[in-house]
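Undergrad: Coordinates in work.txt, compact mmCIF, C-alpha atoms, are listed below.
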# COMPACT_ATOMS: atom_id res chain seq x y z
CA MET N 1 -13.81 -51.10 13.34
CA LYS N 2 -15.44 -47.70 13.90
CA VAL N 3 -17.77 -46.91 11.02
CA LEU N 4 -18.75 -43.46 9.81
CA GLY N 5 -21.86 -42.95 7.69
CA LEU N 6 -22.09 -40.12 5.15
CA ILE N 7 -25.12 -38.89 3.20
CA THR N 8 -24.01 -37.52 -0.15
CA GLU N 9 -24.71 -36.58 -3.75
CA TYR N 10 -21.14 -35.91 -4.98
CA ASN N 11 -22.33 -34.04 -8.05
CA PRO N 12 -19.41 -34.10 -8.69
CA PHE N 13 -16.95 -34.96 -5.89
CA HIS N 14 -14.94 -31.78 -5.29
CA ASN N 15 -12.38 -30.41 -2.83
CA GLY N 16 -15.09 -29.32 -0.40
CA HIS N 17 -16.27 -32.92 -0.22
CA ALA N 18 -12.69 -34.07 0.39
CA TYR N 19 -12.47 -31.62 3.30
CA HIS N 20 -15.78 -32.85 4.72
CA LEU N 21 -14.66 -36.47 4.44
CA GLU N 22 -11.39 -35.93 6.32
CA ALA N 23 -12.95 -33.58 8.90
CA SER N 24 -15.73 -36.11 9.56
CA LYS N 25 -13.25 -38.94 10.07
CA LYS N 26 -11.33 -36.76 12.52
CA GLU N 27 -14.49 -35.63 14.34
CA THR N 28 -15.76 -39.19 14.84
CA GLY N 29 -12.51 -41.17 15.03
CA ALA N 30 -13.73 -43.42 12.22
CA THR N 31 -11.64 -46.22 10.74
CA HIS N 32 -14.09 -47.07 7.93
CA THR N 33 -16.56 -44.99 5.90
CA VAL N 34 -19.76 -45.82 4.06
CA ALA N 35 -21.53 -43.20 1.93
CA VAL N 36 -25.14 -43.32 0.81
CA MET N 37 -25.17 -41.43 -2.49
CA SER N 38 -28.00 -40.27 -4.75
CA GLY N 39 -28.05 -41.98 -8.13
CA HIS N 40 -29.05 -40.11 -11.27
CA PHE N 41 -31.60 -37.63 -9.87
CA LEU N 42 -30.94 -35.39 -6.90
CA GLN N 43 -32.63 -33.81 -3.90
CA ARG N 44 -33.26 -30.40 -5.48
CA GLY N 45 -35.16 -31.94 -8.38
CA GLU N 46 -32.19 -31.94 -10.76
CA PRO N 47 -30.31 -34.60 -12.74
CA ALA N 48 -26.75 -35.52 -11.86
CA ILE N 49 -24.18 -34.28 -14.37
CA PHE N 50 -22.28 -37.59 -14.49
CA ASP N 51 -23.48 -41.14 -13.96
CA LYS N 52 -23.65 -42.70 -10.50
CA TRP N 53 -20.82 -45.19 -11.08
CA THR N 54 -18.37 -42.48 -12.18
CA ARG N 55 -19.28 -40.32 -9.18
CA ALA N 56 -18.97 -43.29 -6.82
CA LYS N 57 -15.50 -44.02 -8.20
CA MET N 58 -14.54 -40.39 -7.51
CA ALA N 59 -15.57 -40.86 -3.89
CA VAL N 60 -13.71 -44.12 -3.33
CA MET N 61 -10.58 -42.78 -5.02
CA ALA N 62 -10.78 -39.85 -2.60
CA GLY N 63 -10.96 -42.10 0.46
CA VAL N 64 -14.55 -43.29 0.98
CA ASP N 65 -14.54 -47.06 1.53
CA LEU N 66 -18.00 -48.07 0.33
CA VAL N 67 -20.60 -46.19 -1.74
CA LEU N 68 -24.22 -47.37 -1.71
CA GLU N 69 -26.97 -45.97 -3.91
CA LEU N 70 -29.85 -44.11 -2.30
CA PRO N 71 -32.97 -45.52 -4.02
CA ALA N 72 -34.35 -43.15 -6.65
CA ALA N 73 -37.73 -42.98 -4.93
CA TYR N 74 -36.03 -41.07 -2.08
CA SER N 75 -33.26 -39.21 -3.90
CA SER N 76 -35.20 -36.47 -5.69
CA GLN N 77 -37.60 -35.61 -2.88
CA SER N 78 -38.11 -33.11 -0.07
CA ALA N 79 -35.44 -32.75 2.59
CA GLU N 80 -37.62 -34.82 4.93
CA LEU N 81 -38.03 -37.78 2.57
CA PHE N 82 -34.47 -37.62 1.24
CA ALA N 83 -33.18 -37.68 4.81
CA PHE N 84 -35.52 -40.51 5.78
CA GLY N 85 -34.33 -42.77 2.96
CA SER N 86 -30.68 -41.96 3.66
CA VAL N 87 -30.85 -42.46 7.42
CA LEU N 88 -32.99 -45.58 6.98
CA THR N 89 -30.32 -47.05 4.71
CA LEU N 90 -27.48 -46.34 7.14
CA ASP N 91 -29.51 -47.61 10.10
CA SER N 92 -30.62 -50.78 8.30
CA ILE N 93 -27.11 -52.07 7.58
CA ARG N 94 -26.41 -52.24 11.35
CA VAL N 95 -22.72 -51.40 11.19
CA VAL N 96 -22.68 -47.59 11.34
CA ASP N 97 -21.52 -46.03 14.62
CA SER N 98 -21.80 -42.37 13.70
CA ILE N 99 -23.06 -40.06 11.00
CA CYS N 100 -21.41 -36.73 10.25
CA PHE N 101 -22.93 -34.08 8.01
CA GLY N 102 -21.80 -30.68 6.87
CA SER N 103 -23.80 -27.71 8.12
CA GLU N 104 -23.54 -23.95 8.10
CA SER N 105 -24.14 -23.99 11.86
CA GLY N 106 -21.51 -26.51 12.93
CA ASP N 107 -23.33 -26.76 16.30
CA ILE N 108 -24.81 -30.23 16.90
CA THR N 109 -26.44 -29.18 20.18
CA ARG N 110 -28.40 -26.36 18.56
CA LEU N 111 -29.37 -28.46 15.55
CA SER N 112 -30.50 -31.31 17.83
CA ALA N 113 -32.67 -28.98 19.92
CA ILE N 114 -34.50 -27.76 16.81
CA ALA N 115 -34.81 -31.32 15.47
CA LYS N 116 -36.42 -32.44 18.72
CA ILE N 117 -39.12 -29.74 18.47
CA LEU N 118 -39.84 -30.43 14.81
CA GLU N 119 -39.96 -34.21 15.24
CA ASN N 120 -42.10 -34.23 18.40
CA GLU N 121 -44.30 -31.33 17.23
CA PRO N 122 -45.78 -30.23 20.57
CA ALA N 123 -49.46 -29.21 20.38
CA LYS N 124 -48.62 -25.52 20.72
CA PHE N 125 -46.17 -25.72 17.81
CA GLN N 126 -48.76 -27.50 15.65
CA ALA N 127 -51.29 -24.75 16.33
CA LEU N 128 -48.77 -22.04 15.46
CA LEU N 129 -47.79 -23.84 12.26
CA LYS N 130 -51.44 -24.11 11.18
CA GLU N 131 -51.90 -20.38 11.76
CA GLN N 132 -48.89 -19.56 9.60
CA LEU N 133 -49.94 -21.92 6.80
CA ASP N 134 -53.47 -20.49 6.87
CA SER N 135 -51.95 -17.04 6.38
CA GLY N 136 -50.70 -18.16 2.95
CA LEU N 137 -47.01 -18.81 3.69
CA THR N 138 -45.16 -21.66 1.98
CA PHE N 139 -44.44 -24.58 4.29
CA PRO N 140 -40.74 -23.71 4.85
CA ARG N 141 -41.57 -20.10 5.76
CA ALA N 142 -44.54 -21.12 7.89
CA ARG N 143 -42.39 -23.59 9.80
CA GLN N 144 -39.70 -20.97 10.41
CA ALA N 145 -42.24 -18.49 11.74
CA ALA N 146 -44.00 -21.09 13.92
CA LEU N 147 -40.71 -22.29 15.37
CA GLY N 148 -39.67 -18.75 16.32
CA LEU N 149 -43.00 -18.06 18.02
CA PHE N 150 -42.92 -21.42 19.81
CA ILE N 151 -39.41 -20.89 21.19
CA ASP N 152 -40.31 -17.36 22.32
CA GLY N 153 -43.09 -18.85 24.42
CA ALA N 154 -41.11 -21.81 25.73
CA SER N 155 -39.16 -19.92 28.43
CA SER N 156 -35.80 -20.88 26.86
CA SER N 157 -36.35 -24.52 27.90
CA TYR N 158 -34.73 -25.65 24.64
CA GLY N 159 -31.50 -23.75 25.25
CA LEU N 160 -31.71 -21.45 22.23
CA SER N 161 -33.36 -18.20 21.24
CA SER N 162 -35.88 -17.74 18.46
CA ARG N 163 -33.32 -15.58 16.67
CA ASP N 164 -30.78 -18.43 16.75
CA ALA N 165 -33.35 -20.94 15.51
CA LEU N 166 -34.51 -18.75 12.64
CA ALA N 167 -30.92 -18.13 11.56
CA VAL N 168 -30.33 -21.88 11.48
CA LEU N 169 -33.39 -22.55 9.30
CA LYS N 170 -32.29 -20.07 6.65
CA SER N 171 -29.45 -22.30 5.42
CA PRO N 172 -30.03 -25.39 3.22
CA ASN N 173 -27.50 -27.70 4.83
CA ASN N 174 -28.74 -26.81 8.31
CA ILE N 175 -32.22 -27.81 7.17
CA LEU N 176 -30.97 -31.14 5.83
CA SER N 177 -28.97 -31.70 9.03
CA ILE N 178 -32.11 -31.18 11.11
CA GLU N 179 -33.97 -33.69 8.94
CA TYR N 180 -31.21 -36.27 9.48
CA LEU N 181 -31.48 -35.72 13.23
CA LYS N 182 -35.29 -35.95 13.13
CA ASN N 183 -35.09 -39.29 11.35
CA LEU N 184 -32.53 -40.68 13.77
CA LEU N 185 -35.05 -39.86 16.51
CA ARG N 186 -37.95 -41.27 14.51
CA LEU N 187 -36.18 -44.58 13.88
CA GLY N 188 -34.85 -44.84 17.44
CA SER N 189 -31.41 -45.28 15.88
CA ASP N 190 -28.26 -45.91 17.91
CA ILE N 191 -26.17 -43.99 15.35
CA ALA N 192 -24.44 -41.02 17.01
CA PRO N 193 -24.80 -37.72 15.09
CA ALA N 194 -22.02 -35.20 14.53
CA THR N 195 -21.54 -32.19 12.29
CA VAL N 196 -18.68 -30.20 10.81
CA ARG N 197 -18.99 -26.64 9.63
CA ARG N 198 -19.03 -26.11 5.89
CA ILE N 199 -16.15 -23.96 4.72
CA ALA N 200 -15.62 -21.27 2.09
CA ALA N 201 -18.22 -21.43 -0.69
CA ASP N 202 -21.92 -20.92 -0.10
CA TYR N 203 -24.11 -23.81 -1.29
CA ASN N 204 -25.70 -21.72 -4.04
CA SER N 205 -22.58 -19.79 -5.04
CA THR N 206 -21.87 -19.86 -8.78
CA GLN N 207 -18.30 -18.53 -8.57
CA ILE N 208 -15.24 -20.67 -9.34
CA SER N 209 -12.39 -19.35 -7.23
CA GLY N 210 -9.64 -20.67 -4.98
CA SER N 211 -9.42 -24.41 -4.33
CA ILE N 212 -12.90 -24.88 -2.83
CA CYS N 213 -16.19 -23.90 -4.44
CA SER N 214 -19.74 -25.19 -4.41
CA ALA N 215 -20.94 -28.06 -6.58
CA THR N 216 -23.52 -25.58 -7.86
CA ALA N 217 -20.71 -23.41 -9.25
CA ILE N 218 -19.10 -26.40 -10.96
CA ARG N 219 -22.38 -27.48 -12.55
CA GLU N 220 -23.21 -23.96 -13.69
CA CYS N 221 -19.76 -23.62 -15.23
CA LEU N 222 -20.24 -26.84 -17.21
CA ARG N 223 -23.82 -25.92 -18.15
CA GLN N 224 -22.54 -22.74 -19.78
CA GLY N 225 -20.14 -24.76 -21.90
CA ALA N 226 -16.88 -24.11 -20.06
CA SER N 227 -14.08 -26.64 -20.45
CA LEU N 228 -13.35 -29.19 -17.75
CA GLU N 229 -9.95 -27.57 -17.37
CA SER N 230 -11.67 -24.52 -15.89
CA ILE N 231 -12.73 -26.55 -12.83
CA SER N 232 -9.54 -28.59 -12.43
CA SER N 233 -8.37 -26.50 -9.45
CA VAL N 234 -11.49 -27.22 -7.37
CA VAL N 235 -11.75 -31.00 -7.74
CA PRO N 236 -9.32 -33.79 -6.74
CA PRO N 237 -7.12 -35.12 -9.56
CA ALA N 238 -9.05 -38.41 -9.67
CA SER N 239 -12.38 -36.61 -10.10
CA TYR N 240 -10.92 -34.49 -12.88
CA ALA N 241 -9.47 -37.54 -14.65
CA LEU N 242 -12.75 -39.46 -14.44
CA MET N 243 -14.74 -36.52 -15.81
CA CYS N 244 -12.26 -36.07 -18.66
CA SER N 245 -12.49 -39.77 -19.50
CA ALA N 246 -16.29 -39.66 -19.57
CA VAL N 247 -16.38 -36.62 -21.87
CA ALA N 248 -13.63 -38.04 -24.10
CA ALA N 249 -15.71 -41.20 -24.52
CA GLY N 250 -18.56 -39.08 -25.87
CA LEU N 251 -20.77 -39.02 -22.76
CA THR N 252 -22.78 -35.83 -22.30
CA PRO N 253 -22.97 -34.15 -18.87
CA VAL N 254 -26.69 -33.92 -18.09
CA THR N 255 -28.39 -30.64 -17.18
CA GLU N 256 -31.99 -29.62 -16.53
CA ASP N 257 -32.15 -27.96 -19.95
CA SER N 258 -31.43 -31.25 -21.69
CA LEU N 259 -34.45 -32.92 -20.05
CA LEU N 260 -37.14 -30.63 -21.49
CA ASP N 261 -38.10 -32.95 -24.37
CA ILE N 262 -38.27 -35.95 -22.03
CA LEU N 263 -40.37 -33.98 -19.56
CA SER N 264 -42.68 -32.78 -22.34
CA TYR N 265 -43.25 -36.35 -23.50
CA ALA N 266 -43.86 -37.52 -19.93
CA VAL N 267 -46.42 -34.79 -19.24
CA ILE N 268 -48.29 -35.29 -22.52
CA SER N 269 -48.31 -39.10 -22.38
CA LYS N 270 -49.40 -39.11 -18.71
CA SER N 271 -51.66 -36.07 -19.01
CA ASP N 272 -54.74 -37.70 -17.49
CA ARG N 273 -52.91 -38.96 -14.39
CA LEU N 274 -50.44 -36.25 -13.37
CA SER N 275 -52.13 -35.90 -9.99
CA ARG N 276 -51.08 -39.47 -9.16
CA PHE N 277 -47.41 -38.51 -9.01
CA TRP N 278 -45.74 -37.58 -5.75
CA GLU N 279 -45.69 -33.88 -4.82
CA VAL N 280 -47.93 -32.88 -7.75
CA ARG N 281 -50.38 -30.80 -5.73
CA GLU N 282 -53.93 -29.73 -6.43
CA GLY N 283 -54.13 -27.37 -9.39
CA MET N 284 -50.49 -27.81 -10.40
CA ASP N 285 -51.36 -30.70 -12.71
CA ASN N 286 -53.52 -28.39 -14.82
CA LYS N 287 -50.90 -25.66 -14.82
CA ILE N 288 -48.14 -28.08 -15.85
CA ARG N 289 -50.30 -29.44 -18.70
CA ALA N 290 -50.86 -25.93 -20.01
CA GLU N 291 -47.33 -24.57 -19.67
CA ILE N 292 -45.40 -27.57 -21.01
CA ARG N 293 -46.65 -26.88 -24.55
CA ARG N 294 -45.62 -23.22 -24.45
CA ALA N 295 -42.15 -23.39 -22.89
CA SER N 296 -39.16 -23.13 -25.21
CA SER N 297 -36.68 -23.94 -22.42
CA TYR N 298 -36.66 -25.57 -19.01
CA GLU N 299 -35.86 -22.21 -17.44
CA GLU N 300 -38.90 -20.64 -19.12
CA LEU N 301 -41.10 -23.50 -17.94
CA LEU N 302 -40.01 -23.02 -14.33
CA ALA N 303 -40.60 -19.27 -14.56
CA ASN N 304 -44.12 -19.88 -15.89
CA LEU N 305 -44.88 -22.39 -13.12
CA LYS N 306 -43.58 -20.13 -10.36
CA SER N 307 -46.06 -19.79 -7.51
CA LYS N 308 -46.30 -18.06 -4.15
CA ARG N 309 -47.57 -21.32 -2.74
CA TYR N 310 -44.66 -23.53 -3.81
CA THR N 311 -40.91 -22.99 -3.76
CA MET N 312 -39.04 -23.32 -7.04
CA THR N 313 -37.31 -26.43 -5.71
CA ALA N 314 -40.66 -28.03 -4.88
CA ILE N 315 -41.83 -27.36 -8.44
CA LYS N 316 -38.66 -28.95 -9.83
CA ARG N 317 -39.28 -32.03 -7.71
CA MET N 318 -42.85 -32.26 -9.00
CA LEU N 319 -41.49 -32.29 -12.55
CA MET N 320 -38.86 -34.94 -11.77
CA ASN N 321 -41.49 -37.16 -10.16
CA ILE N 322 -43.51 -36.92 -13.38
CA VAL N 323 -40.44 -37.75 -15.48
CA LEU N 324 -39.62 -40.77 -13.30
CA GLY N 325 -43.26 -41.78 -12.84
CA ILE N 326 -42.96 -41.89 -9.04
CA GLU N 327 -46.48 -42.42 -7.73
CA LYS N 328 -47.96 -41.24 -4.44
CA GLU N 329 -49.13 -44.73 -3.51
CA ASP N 330 -45.59 -46.09 -3.72
CA VAL N 331 -43.98 -43.23 -1.80
CA GLU N 332 -46.54 -43.60 0.99
CA ALA N 333 -45.46 -47.23 1.29
CA PHE N 334 -41.74 -46.43 1.10
CA ARG N 335 -41.93 -43.68 3.74
CA SER N 336 -43.47 -46.02 6.31
CA LEU N 337 -40.71 -48.67 6.20
CA ASP N 338 -38.68 -49.49 9.30
CA SER N 339 -35.87 -51.08 7.27
CA ILE N 340 -34.57 -50.59 3.75
CA PRO N 341 -35.27 -53.71 1.64
CA TYR N 342 -31.93 -53.71 -0.19
CA ILE N 343 -28.64 -51.91 -0.67
CA ARG N 344 -27.06 -51.39 -4.08
CA ILE N 345 -23.25 -51.35 -4.22
CA LEU N 346 -21.77 -48.73 -6.57
CA ALA N 347 -18.07 -48.75 -5.62
CA PHE N 348 -15.80 -50.01 -2.85
CA ASN N 349 -12.19 -50.66 -1.83
CA ASP N 350 -10.56 -53.25 0.44
CA ASN N 351 -11.98 -51.63 3.56
CA GLY N 352 -15.33 -51.51 1.80
CA ALA N 353 -15.14 -55.26 1.20
CA LYS N 354 -14.63 -55.73 4.95
CA LEU N 355 -17.65 -53.53 5.60
CA LEU N 356 -19.78 -55.60 3.23
CA LYS N 357 -18.75 -58.76 5.06
CA GLN N 358 -19.75 -57.14 8.35
CA ILE N 359 -23.09 -55.99 6.89
CA LYS N 360 -23.86 -59.56 5.78
CA GLN N 361 -23.25 -60.75 9.34
CA SER N 362 -25.12 -57.93 11.10
CA SER N 363 -28.11 -57.22 8.88
CA ASP N 364 -30.85 -59.01 6.96
CA VAL N 365 -30.88 -56.38 4.20
CA ALA N 366 -30.45 -57.77 0.68
CA ILE N 367 -27.11 -56.77 -0.86
CA ILE N 368 -27.29 -56.20 -4.62
CA ASN N 369 -24.06 -56.74 -6.47
CA LYS N 370 -25.58 -57.83 -9.79
CA MET N 371 -29.03 -56.45 -10.63
CA PRO N 372 -31.64 -59.25 -10.59
CA GLN N 373 -34.49 -59.49 -13.08
CA LEU N 374 -37.47 -57.78 -11.45
CA ASP N 375 -39.87 -60.65 -12.07
CA SER N 376 -37.60 -62.88 -9.97
CA ILE N 377 -38.11 -60.71 -6.85
CA SER N 378 -40.92 -61.89 -4.58
CA ASP N 379 -40.81 -58.89 -2.22
CA ASP N 380 -43.31 -56.39 -3.67
CA ILE N 381 -41.79 -53.29 -2.00
CA MET N 382 -38.29 -54.21 -3.15
CA ARG N 383 -39.47 -54.84 -6.72
CA ARG N 384 -41.35 -51.53 -6.91
CA MET N 385 -38.43 -49.58 -5.45
CA LEU N 386 -35.90 -51.18 -7.80
CA ARG N 387 -38.12 -50.42 -10.80
CA TYR N 388 -37.68 -46.71 -10.09
CA ASP N 389 -33.90 -47.16 -9.84
CA ILE N 390 -33.75 -48.87 -13.22
CA ASP N 391 -36.11 -46.40 -14.89
CA SER N 392 -34.15 -43.42 -13.56
CA THR N 393 -30.95 -44.81 -15.10
CA ASP N 394 -32.62 -45.52 -18.44
CA ILE N 395 -34.14 -42.02 -18.59
CA PHE N 396 -30.87 -40.35 -17.58
CA ASN N 397 -29.00 -42.32 -20.24
CA ILE N 398 -31.21 -41.00 -23.06
CA VAL N 399 -29.31 -37.73 -22.64
CA TYR N 400 -26.04 -39.02 -21.18
CA TYR N 401 -25.37 -41.36 -24.11
CA ALA N 402 -26.86 -39.07 -26.78
CA GLY N 403 -23.45 -38.55 -28.38
CA CYS N 404 -22.37 -42.20 -28.27
CA LYS N 405 -25.42 -44.42 -28.68
CA THR N 406 -23.26 -47.36 -29.72
CA MET N 407 -21.92 -47.51 -26.15
CA LEU N 408 -25.43 -47.92 -24.75
CA ARG N 409 -25.78 -51.68 -24.64
CA GLY N 410 -29.22 -51.81 -23.05
CA SER N 411 -30.42 -51.07 -19.55
CA MET N 412 -27.10 -50.19 -17.91
CA ASP N 413 -28.16 -51.16 -14.39
CA TYR N 414 -27.93 -54.73 -15.65
CA MET N 415 -24.65 -54.15 -17.49
CA ILE N 416 -22.39 -52.27 -15.07
CA SER N 417 -20.88 -53.96 -12.02
CA PRO N 418 -19.76 -52.21 -8.83
CA ALA N 419 -16.32 -50.65 -9.16
CA TYR N 420 -13.64 -52.26 -7.01
CA ILE N 421 -10.91 -49.67 -6.43
CA THR N 422 -7.62 -51.22 -5.36
CA LYS N 423 -4.79 -49.30 -3.77
CA LYS N 424 -2.97 -49.50 -7.10
CA ASN N 425 -5.99 -47.97 -8.93
CA ARG N 426 -6.13 -45.15 -6.41
CA GLU N 427 -2.45 -44.30 -6.73
CA SER N 428 -2.28 -44.50 -10.54
Since I need it in another form, could you write the structure as structure tokens?

TA:
Amino acid sequence: MKVLGLITEYNPFHNGHAYHLEASKKETGATHTVAVMSGHFLQRGEPAIFDKWTRAKMAVMAGVDLVLELPAAYSSQSAELFAFGSVLTLDSIRVVDSICFGSESGDITRLSAIAKILENEPAKFQALLKEQLDSGLTFPRARQAALGLFIDGASSSYGLSSRDALAVLKSPNNILSIEYLKNLLRLGSDIAPATVRRIAADYNSTQISGSICSATAIRECLRQGASLESISSVVPPASYALMCSAVAAGLTPVTEDSLLDILSYAVISKSDRLSRFWEVREGMDNKIRAEIRRASSYEELLANLKSKRYTMTAIKRMLMNIVLGIEKEDVEAFRSLDSIPYIRILAFNDNGAKLLKQIKQSSDVAIINKMPQLDSISDDIMRRMLRYDIDSTDIFNIVYYAGCKTMLRGSMDYMISPAYITKKNRES
């Protein structure tokens, strides 16, 4: 058994993901695959368009063997924290031999060199970073500038030029890749890293064309009210069928726009404690309080909150942390863990069942098949982390089940079991 780990969102699973899956298996020689997948809220501060169980089924029907949920406290956070939670999960189950991620660079040596600098943070780099931050740059831009200056003064001892490094840091999947590598170093993990170059569509492209496009393009197409048929050429047949079934059942694909009322309620009801939520920085709590009452759309709210100090994605994550009630105190505890307290199974096949058996033998991590009642959990960290998972599902479902409330039988984390996909299911 040679196990490949994947860090994913599958929002939704499309042909580009299918390519990455097969290319990663080939690159690493894997016989089994386990994917850690975001649940209902995603790394860029956005909701998923379909529920986590449907998206996990898409992945297993496309060839992933086991899909585990990335806890919600990590899933809608900065690249650093998202990567930490994902790598921690894969490392904690003690069966993963390699991890393979898509990047614009496709060069693991170059990515690893940059990750080493950013993780170790030599004193000279720290001084340069402080200078750039003091000049008023956002953190991502300050880090880019400091890295370039540091490499220029390092006599090429890292095997890359400042120009190469800066080019790498301009692409979102390169940045995530570097964070995965940093966290492998931080955890002292034995997991071997690999990367495959992303093909065709740019991450932020909004164009539907050919057989491969970005998930962003698919989501934008659906947000504008296009039919599912319009994206049928860029997703595997199983993904298309599952999306059609969800919509036919009356489920509503979730977009940022549909969360404005929920966000407004969250801000107003928690008005006196906004600064307690993760990533809500000094001064932004007051600005959010003021603007939430004036905005007629989510897009207008973001435009009104725009700041030179914070990227738009950082602002979106602030808002999602308010919606989900994710507090700074909890995240500080979660980011200092050396092992994930539990794994939540979303979907699996026969190979996935073998992986689960191996995980039970190799790891002490709790495996959640059926969601326990929170008051029955003695581990405080596990209970607090699971509370965010359950809340994120319940909040997501306010919109997702808006057109079919009779199907909403309560808190669905307690109602829905992991999907077991047999060979017959996959072929039908």

Undergrad: What is the CA of Cys404 (chain N) to CA of Glu220 (chain N) distance in Å?

TA: 23.4 Å

Undergrad: May I have the protein, DNA and RNA residues with any atom at most 9 Å from the point (-46.8, -36.9, -4.4), counting only C-alpha atoms, written as number ranges by chain?

TA: N: 275-281, 318, 321, 326-329, 331-332

Undergrad: In Å, with one decimal, what is the gap from CA of Leu166 (chain N) to CA of Pro140 (chain N)?

TA: 11.1 Å

Undergrad: Grab the CA of Gly148 (chain N) to CA of Asp164 (chain N) distance for me, in Å with one decimal place.

TA: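 Computing it gives 8.9 Å between the two atoms.
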
Undergrad: With a distance cut-off of 8 Å and all atoms listed in the file, select the neighbouring residues of Leu129 (chain N), excluding the residue or stretch itself and same-chain residues fewer than 5 positions from it, and output the selection as a count of residues only.

TA: 5

Undergrad: Could you tell me which of N:Ile292, N:Ile322, N:Ala30, N:Met61 comes closest to Ser76 (chain N) if we count all atoms listed in the file?

TA: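 Comparing N:Ile292, N:Ile322, N:Ala30, N:Met61 against Ser76 (chain N), the winner is N:Ile322.
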